[in-house]
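Only one structure is covered here, and it is reproduced in the block below.
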Amino acid sequence: MNYQKLDAALAMALNDVQNPEERCLVVFIHTEPVPDAIATAFLESLGVRVTSGRDIFTATLSVNAISELSDQPWVQYLKLSQRLRPLERR
């Protein structure tokens with residue numbers, strides 16, 4: 001796993017996962033450049049929905065999938081998605 005491509009929150013969350021095969025982490029995948037056909041096929045094999053012409057994707061991934069992605073030269077970085085909460089009404 002290339003930890004240099006992971007944000008701090010994602011690196012910490014990896015330690016809390018019991019089963020490395022379980023898809024339980026929602027992440028943003030930033031690629032450089034826009035994925036070519038081979039990179040697109042790789043992303044889709046991990047269950048990532050790829051939109052043509054985009055370089056940022058979201059997906060729910062396992063620790064093992066994150067490890068595989070972090071080793072790809074076209075992945076710029078991976079960031080853990082934060083849970084949103086409703087705004088307080090006044």
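Labels for the structure tokens follow display order: chains A, B, ..., residues from 1 in each chain, ligands from 1.
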- Item | All residues 12 Å or closer to Leu14 in chain A, only C-alpha atoms, same chain fewer than 2 positions away omitted, as a PyMOL selection string | chain A and resi 1+3+6-12+16-27+61-67+79-80
Taking the DSSP secondary structure from the backbone, can you list the residues of chain A that are strand (DSSP E or B), as a PDB file with all heavy atoms, in the first residue's frame?
```
ATOM      1  N   LEU A   6      -2.684   8.393   0.462  1.00  0.00           N
ATOM      2  CA  LEU A   6      -3.868   8.364   1.316  1.00  0.00           C
ATOM      3  C   LEU A   6      -3.904   9.596   2.204  1.00  0.00           C
ATOM      4  O   LEU A   6      -2.874  10.012   2.734  1.00  0.00           O
ATOM      5  CB  LEU A   6      -3.849   7.128   2.217  1.00  0.00           C
ATOM      6  CG  LEU A   6      -3.616   5.771   1.564  1.00  0.00           C
ATOM      7  CD1 LEU A   6      -3.675   4.683   2.626  1.00  0.00           C
ATOM      8  CD2 LEU A   6      -4.606   5.497   0.462  1.00  0.00           C
ATOM      9  N   LEU A  25     -15.548   1.354   3.225  1.00  0.00           N
ATOM     10  CA  LEU A  25     -14.978   2.699   3.250  1.00  0.00           C
ATOM     11  C   LEU A  25     -15.373   3.462   1.984  1.00  0.00           C
ATOM     12  O   LEU A  25     -15.088   3.031   0.876  1.00  0.00           O
ATOM     13  CB  LEU A  25     -13.456   2.627   3.363  1.00  0.00           C
ATOM     14  CG  LEU A  25     -12.927   1.970   4.642  1.00  0.00           C
ATOM     15  CD1 LEU A  25     -11.442   1.699   4.525  1.00  0.00           C
ATOM     16  CD2 LEU A  25     -13.229   2.843   5.842  1.00  0.00           C
ATOM     17  N   VAL A  26     -16.034   4.600   2.191  1.00  0.00           N
ATOM     18  CA  VAL A  26     -16.428   5.439   1.059  1.00  0.00           C
ATOM     19  C   VAL A  26     -15.287   6.415   0.808  1.00  0.00           C
ATOM     20  O   VAL A  26     -14.905   7.176   1.700  1.00  0.00           O
ATOM     21  CB  VAL A  26     -17.741   6.188   1.347  1.00  0.00           C
ATOM     22  CG1 VAL A  26     -18.126   7.053   0.154  1.00  0.00           C
ATOM     23  CG2 VAL A  26     -18.852   5.202   1.685  1.00  0.00           C
ATOM     24  N   VAL A  27     -14.743   6.362  -0.408  1.00  0.00           N
ATOM     25  CA  VAL A  27     -13.568   7.166  -0.726  1.00  0.00           C
ATOM     26  C   VAL A  27     -13.755   7.949  -2.025  1.00  0.00           C
ATOM     27  O   VAL A  27     -14.542   7.571  -2.889  1.00  0.00           O
ATOM     28  CB  VAL A  27     -12.294   6.295  -0.849  1.00  0.00           C
ATOM     29  CG1 VAL A  27     -11.974   5.601   0.453  1.00  0.00           C
ATOM     30  CG2 VAL A  27     -12.423   5.287  -1.959  1.00  0.00           C
ATOM     31  N   PHE A  28     -13.010   9.035  -2.103  1.00  0.00           N
ATOM     32  CA  PHE A  28     -12.869   9.788  -3.347  1.00  0.00           C
ATOM     33  C   PHE A  28     -11.565   9.315  -3.978  1.00  0.00           C
ATOM     34  O   PHE A  28     -10.537   9.241  -3.307  1.00  0.00           O
ATOM     35  CB  PHE A  28     -12.776  11.292  -3.090  1.00  0.00           C
ATOM     36  CG  PHE A  28     -14.051  11.903  -2.607  1.00  0.00           C
ATOM     37  CD1 PHE A  28     -14.238  12.174  -1.263  1.00  0.00           C
ATOM     38  CD2 PHE A  28     -15.060  12.215  -3.496  1.00  0.00           C
ATOM     39  CE1 PHE A  28     -15.402  12.742  -0.813  1.00  0.00           C
ATOM     40  CE2 PHE A  28     -16.245  12.790  -3.059  1.00  0.00           C
ATOM     41  CZ  PHE A  28     -16.413  13.040  -1.707  1.00  0.00           C
ATOM     42  N   ILE A  29     -11.625   9.014  -5.262  1.00  0.00           N
ATOM     43  CA  ILE A  29     -10.459   8.571  -6.010  1.00  0.00           C
ATOM     44  C   ILE A  29     -10.092   9.678  -6.997  1.00  0.00           C
ATOM     45  O   ILE A  29     -10.897  10.011  -7.866  1.00  0.00           O
ATOM     46  CB  ILE A  29     -10.764   7.266  -6.775  1.00  0.00           C
ATOM     47  CG1 ILE A  29     -11.263   6.183  -5.815  1.00  0.00           C
ATOM     48  CG2 ILE A  29      -9.543   6.813  -7.570  1.00  0.00           C
ATOM     49  CD1 ILE A  29     -12.002   5.062  -6.508  1.00  0.00           C
ATOM     50  N   HIS A  30      -8.922  10.254  -6.831  1.00  0.00           N
ATOM     51  CA  HIS A  30      -8.453  11.313  -7.724  1.00  0.00           C
ATOM     52  C   HIS A  30      -7.391  10.711  -8.641  1.00  0.00           C
ATOM     53  O   HIS A  30      -6.383  10.190  -8.162  1.00  0.00           O
ATOM     54  CB  HIS A  30      -7.843  12.467  -6.925  1.00  0.00           C
ATOM     55  CG  HIS A  30      -8.831  13.160  -6.057  1.00  0.00           C
ATOM     56  ND1 HIS A  30      -9.378  14.371  -6.395  1.00  0.00           N
ATOM     57  CD2 HIS A  30      -9.391  12.808  -4.876  1.00  0.00           C
ATOM     58  CE1 HIS A  30     -10.218  14.737  -5.447  1.00  0.00           C
ATOM     59  NE2 HIS A  30     -10.245  13.806  -4.515  1.00  0.00           N
ATOM     60  N   THR A  31      -7.637  10.792  -9.942  1.00  0.00           N
ATOM     61  CA  THR A  31      -6.700  10.228 -10.905  1.00  0.00           C
ATOM     62  C   THR A  31      -5.996  11.346 -11.672  1.00  0.00           C
ATOM     63  O   THR A  31      -6.476  12.465 -11.748  1.00  0.00           O
ATOM     64  CB  THR A  31      -7.405   9.295 -11.911  1.00  0.00           C
ATOM     65  OG1 THR A  31      -8.318  10.052 -12.693  1.00  0.00           O
ATOM     66  CG2 THR A  31      -8.140   8.180 -11.203  1.00  0.00           C
ATOM     67  N   ILE A  56     -12.232  12.395 -10.983  1.00  0.00           N
ATOM     68  CA  ILE A  56     -12.558  12.167  -9.578  1.00  0.00           C
ATOM     69  C   ILE A  56     -13.765  11.245  -9.529  1.00  0.00           C
ATOM     70  O   ILE A  56     -14.769  11.481 -10.206  1.00  0.00           O
ATOM     71  CB  ILE A  56     -12.860  13.475  -8.828  1.00  0.00           C
ATOM     72  CG1 ILE A  56     -11.655  14.417  -8.884  1.00  0.00           C
ATOM     73  CG2 ILE A  56     -13.246  13.182  -7.369  1.00  0.00           C
ATOM     74  CD1 ILE A  56     -11.920  15.790  -8.296  1.00  0.00           C
ATOM     75  N   PHE A  57     -13.657  10.186  -8.704  1.00  0.00           N
ATOM     76  CA  PHE A  57     -14.724   9.199  -8.592  1.00  0.00           C
ATOM     77  C   PHE A  57     -14.967   8.897  -7.125  1.00  0.00           C
ATOM     78  O   PHE A  57     -14.073   9.064  -6.296  1.00  0.00           O
ATOM     79  CB  PHE A  57     -14.319   7.905  -9.315  1.00  0.00           C
ATOM     80  CG  PHE A  57     -13.839   8.134 -10.706  1.00  0.00           C
ATOM     81  CD1 PHE A  57     -12.487   8.269 -10.974  1.00  0.00           C
ATOM     82  CD2 PHE A  57     -14.732   8.255 -11.749  1.00  0.00           C
ATOM     83  CE1 PHE A  57     -12.033   8.516 -12.267  1.00  0.00           C
ATOM     84  CE2 PHE A  57     -14.292   8.502 -13.041  1.00  0.00           C
ATOM     85  CZ  PHE A  57     -12.949   8.627 -13.298  1.00  0.00           C
ATOM     86  N   THR A  58     -16.164   8.440  -6.800  1.00  0.00           N
ATOM     87  CA  THR A  58     -16.453   7.969  -5.456  1.00  0.00           C
ATOM     88  C   THR A  58     -16.820   6.495  -5.529  1.00  0.00           C
ATOM     89  O   THR A  58     -17.389   6.040  -6.517  1.00  0.00           O
ATOM     90  CB  THR A  58     -17.606   8.741  -4.799  1.00  0.00           C
ATOM     91  OG1 THR A  58     -18.771   8.624  -5.614  1.00  0.00           O
ATOM     92  CG2 THR A  58     -17.262  10.198  -4.597  1.00  0.00           C
ATOM     93  N   ALA A  59     -16.482   5.783  -4.472  1.00  0.00           N
ATOM     94  CA  ALA A  59     -16.787   4.356  -4.423  1.00  0.00           C
ATOM     95  C   ALA A  59     -16.701   3.868  -2.987  1.00  0.00           C
ATOM     96  O   ALA A  59     -16.000   4.459  -2.158  1.00  0.00           O
ATOM     97  CB  ALA A  59     -15.815   3.567  -5.289  1.00  0.00           C
ATOM     98  N   THR A  60     -17.425   2.803  -2.706  1.00  0.00           N
ATOM     99  CA  THR A  60     -17.304   2.115  -1.427  1.00  0.00           C
ATOM    100  C   THR A  60     -16.377   0.928  -1.665  1.00  0.00           C
ATOM    101  O   THR A  60     -16.694   0.037  -2.455  1.00  0.00           O
ATOM    102  CB  THR A  60     -18.683   1.639  -0.922  1.00  0.00           C
ATOM    103  OG1 THR A  60     -19.552   2.771  -0.833  1.00  0.00           O
ATOM    104  CG2 THR A  60     -18.558   0.977   0.443  1.00  0.00           C
ATOM    105  N   LEU A  61     -15.231   0.957  -0.997  1.00  0.00           N
ATOM    106  CA  LEU A  61     -14.175  -0.006  -1.282  1.00  0.00           C
ATOM    107  C   LEU A  61     -13.711  -0.753  -0.038  1.00  0.00           C
ATOM    108  O   LEU A  61     -13.884  -0.278   1.083  1.00  0.00           O
ATOM    109  CB  LEU A  61     -12.970   0.712  -1.897  1.00  0.00           C
ATOM    110  CG  LEU A  61     -13.202   1.444  -3.214  1.00  0.00           C
ATOM    111  CD1 LEU A  61     -11.970   2.242  -3.588  1.00  0.00           C
ATOM    112  CD2 LEU A  61     -13.587   0.475  -4.311  1.00  0.00           C
ATOM    113  N   VAL A  75      -3.231   6.872 -10.150  1.00  0.00           N
ATOM    114  CA  VAL A  75      -4.004   7.352  -9.002  1.00  0.00           C
ATOM    115  C   VAL A  75      -3.175   8.410  -8.308  1.00  0.00           C
ATOM    116  O   VAL A  75      -2.056   8.151  -7.861  1.00  0.00           O
ATOM    117  CB  VAL A  75      -4.362   6.204  -8.030  1.00  0.00           C
ATOM    118  CG1 VAL A  75      -4.980   6.752  -6.745  1.00  0.00           C
ATOM    119  CG2 VAL A  75      -5.306   5.217  -8.701  1.00  0.00           C
ATOM    120  N   GLN A  76      -3.733   9.619  -8.228  1.00  0.00           N
ATOM    121  CA  GLN A  76      -3.016  10.726  -7.603  1.00  0.00           C
ATOM    122  C   GLN A  76      -3.145  10.643  -6.082  1.00  0.00           C
ATOM    123  O   GLN A  76      -2.148  10.721  -5.375  1.00  0.00           O
ATOM    124  CB  GLN A  76      -3.566  12.052  -8.110  1.00  0.00           C
ATOM    125  CG  GLN A  76      -2.770  13.246  -7.698  1.00  0.00           C
ATOM    126  CD  GLN A  76      -3.279  14.502  -8.369  1.00  0.00           C
ATOM    127  OE1 GLN A  76      -4.403  14.560  -8.841  1.00  0.00           O
ATOM    128  NE2 GLN A  76      -2.461  15.516  -8.397  1.00  0.00           N
ATOM    129  N   TYR A  77      -4.385  10.532  -5.571  1.00  0.00           N
ATOM    130  CA  TYR A  77      -4.577  10.317  -4.136  1.00  0.00           C
ATOM    131  C   TYR A  77      -5.978   9.801  -3.858  1.00  0.00           C
ATOM    132  O   TYR A  77      -6.873   9.863  -4.698  1.00  0.00           O
ATOM    133  CB  TYR A  77      -4.255  11.563  -3.308  1.00  0.00           C
ATOM    134  CG  TYR A  77      -5.124  12.772  -3.545  1.00  0.00           C
ATOM    135  CD1 TYR A  77      -6.249  13.010  -2.750  1.00  0.00           C
ATOM    136  CD2 TYR A  77      -4.810  13.705  -4.517  1.00  0.00           C
ATOM    137  CE1 TYR A  77      -7.035  14.130  -2.960  1.00  0.00           C
ATOM    138  CE2 TYR A  77      -5.587  14.825  -4.723  1.00  0.00           C
ATOM    139  CZ  TYR A  77      -6.699  15.036  -3.935  1.00  0.00           C
ATOM    140  OH  TYR A  77      -7.477  16.138  -4.146  1.00  0.00           O
ATOM    141  N   LEU A  78      -6.139   9.263  -2.643  1.00  0.00           N
ATOM    142  CA  LEU A  78      -7.402   8.697  -2.177  1.00  0.00           C
ATOM    143  C   LEU A  78      -7.773   9.409  -0.882  1.00  0.00           C
ATOM    144  O   LEU A  78      -6.926   9.588   0.001  1.00  0.00           O
ATOM    145  CB  LEU A  78      -7.253   7.198  -1.917  1.00  0.00           C
ATOM    146  CG  LEU A  78      -6.833   6.374  -3.136  1.00  0.00           C
ATOM    147  CD1 LEU A  78      -6.284   5.029  -2.718  1.00  0.00           C
ATOM    148  CD2 LEU A  78      -8.016   6.195  -4.065  1.00  0.00           C
ATOM    149  N   LYS A  79      -9.027   9.800  -0.790  1.00  0.00           N
ATOM    150  CA  LYS A  79      -9.480  10.569   0.366  1.00  0.00           C
ATOM    151  C   LYS A  79     -10.742   9.941   0.930  1.00  0.00           C
ATOM    152  O   LYS A  79     -11.666   9.602   0.183  1.00  0.00           O
ATOM    153  CB  LYS A  79      -9.754  12.012  -0.060  1.00  0.00           C
ATOM    154  CG  LYS A  79     -10.188  12.909   1.062  1.00  0.00           C
ATOM    155  CD  LYS A  79     -10.373  14.320   0.590  1.00  0.00           C
ATOM    156  CE  LYS A  79     -10.837  15.165   1.770  1.00  0.00           C
ATOM    157  NZ  LYS A  79     -11.055  16.534   1.381  1.00  0.00           N
ATOM    158  N   LEU A  80     -10.799   9.801   2.243  1.00  0.00           N
ATOM    159  CA  LEU A  80     -11.978   9.262   2.906  1.00  0.00           C
ATOM    160  C   LEU A  80     -13.103  10.285   2.838  1.00  0.00           C
ATOM    161  O   LEU A  80     -12.908  11.471   3.123  1.00  0.00           O
ATOM    162  CB  LEU A  80     -11.659   8.941   4.367  1.00  0.00           C
ATOM    163  CG  LEU A  80     -12.779   8.307   5.181  1.00  0.00           C
ATOM    164  CD1 LEU A  80     -13.094   6.911   4.655  1.00  0.00           C
ATOM    165  CD2 LEU A  80     -12.394   8.250   6.653  1.00  0.00           C
TER     166      LEU A  80
END
```
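Distances here use only C-alpha atoms; by that measure, the residue among A:Leu69, A:Gln4, A:Arg83, A:Glu88 closest to Ser45 in chain A is A:Leu69.
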- Item | chain A: residues DSSP assigns to helix (DSSP H, G or I), reported as a PyMOL selection string | chain A and resi 3-5+8-16+37-45+63-70
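With distances restricted to only C-alpha atoms, A:Gln72 is the closest residue to Ile38 in chain A from A:Gln72, A:Asn2, A:Asn15, A:Leu87.
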| query | Skipping near chain neighbours, those fewer than 6 positions away, what residues fall within 12 Å of Thr51 in chain A using only C-alpha atoms, listed as a PyMOL selection string? | reply | chain A and resi 34-37+40-41+43-44+57-58
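Rounded to one decimal, CA of Arg54 in chain A and CA of Pro86 in chain A lie 28.4 Å from each other.
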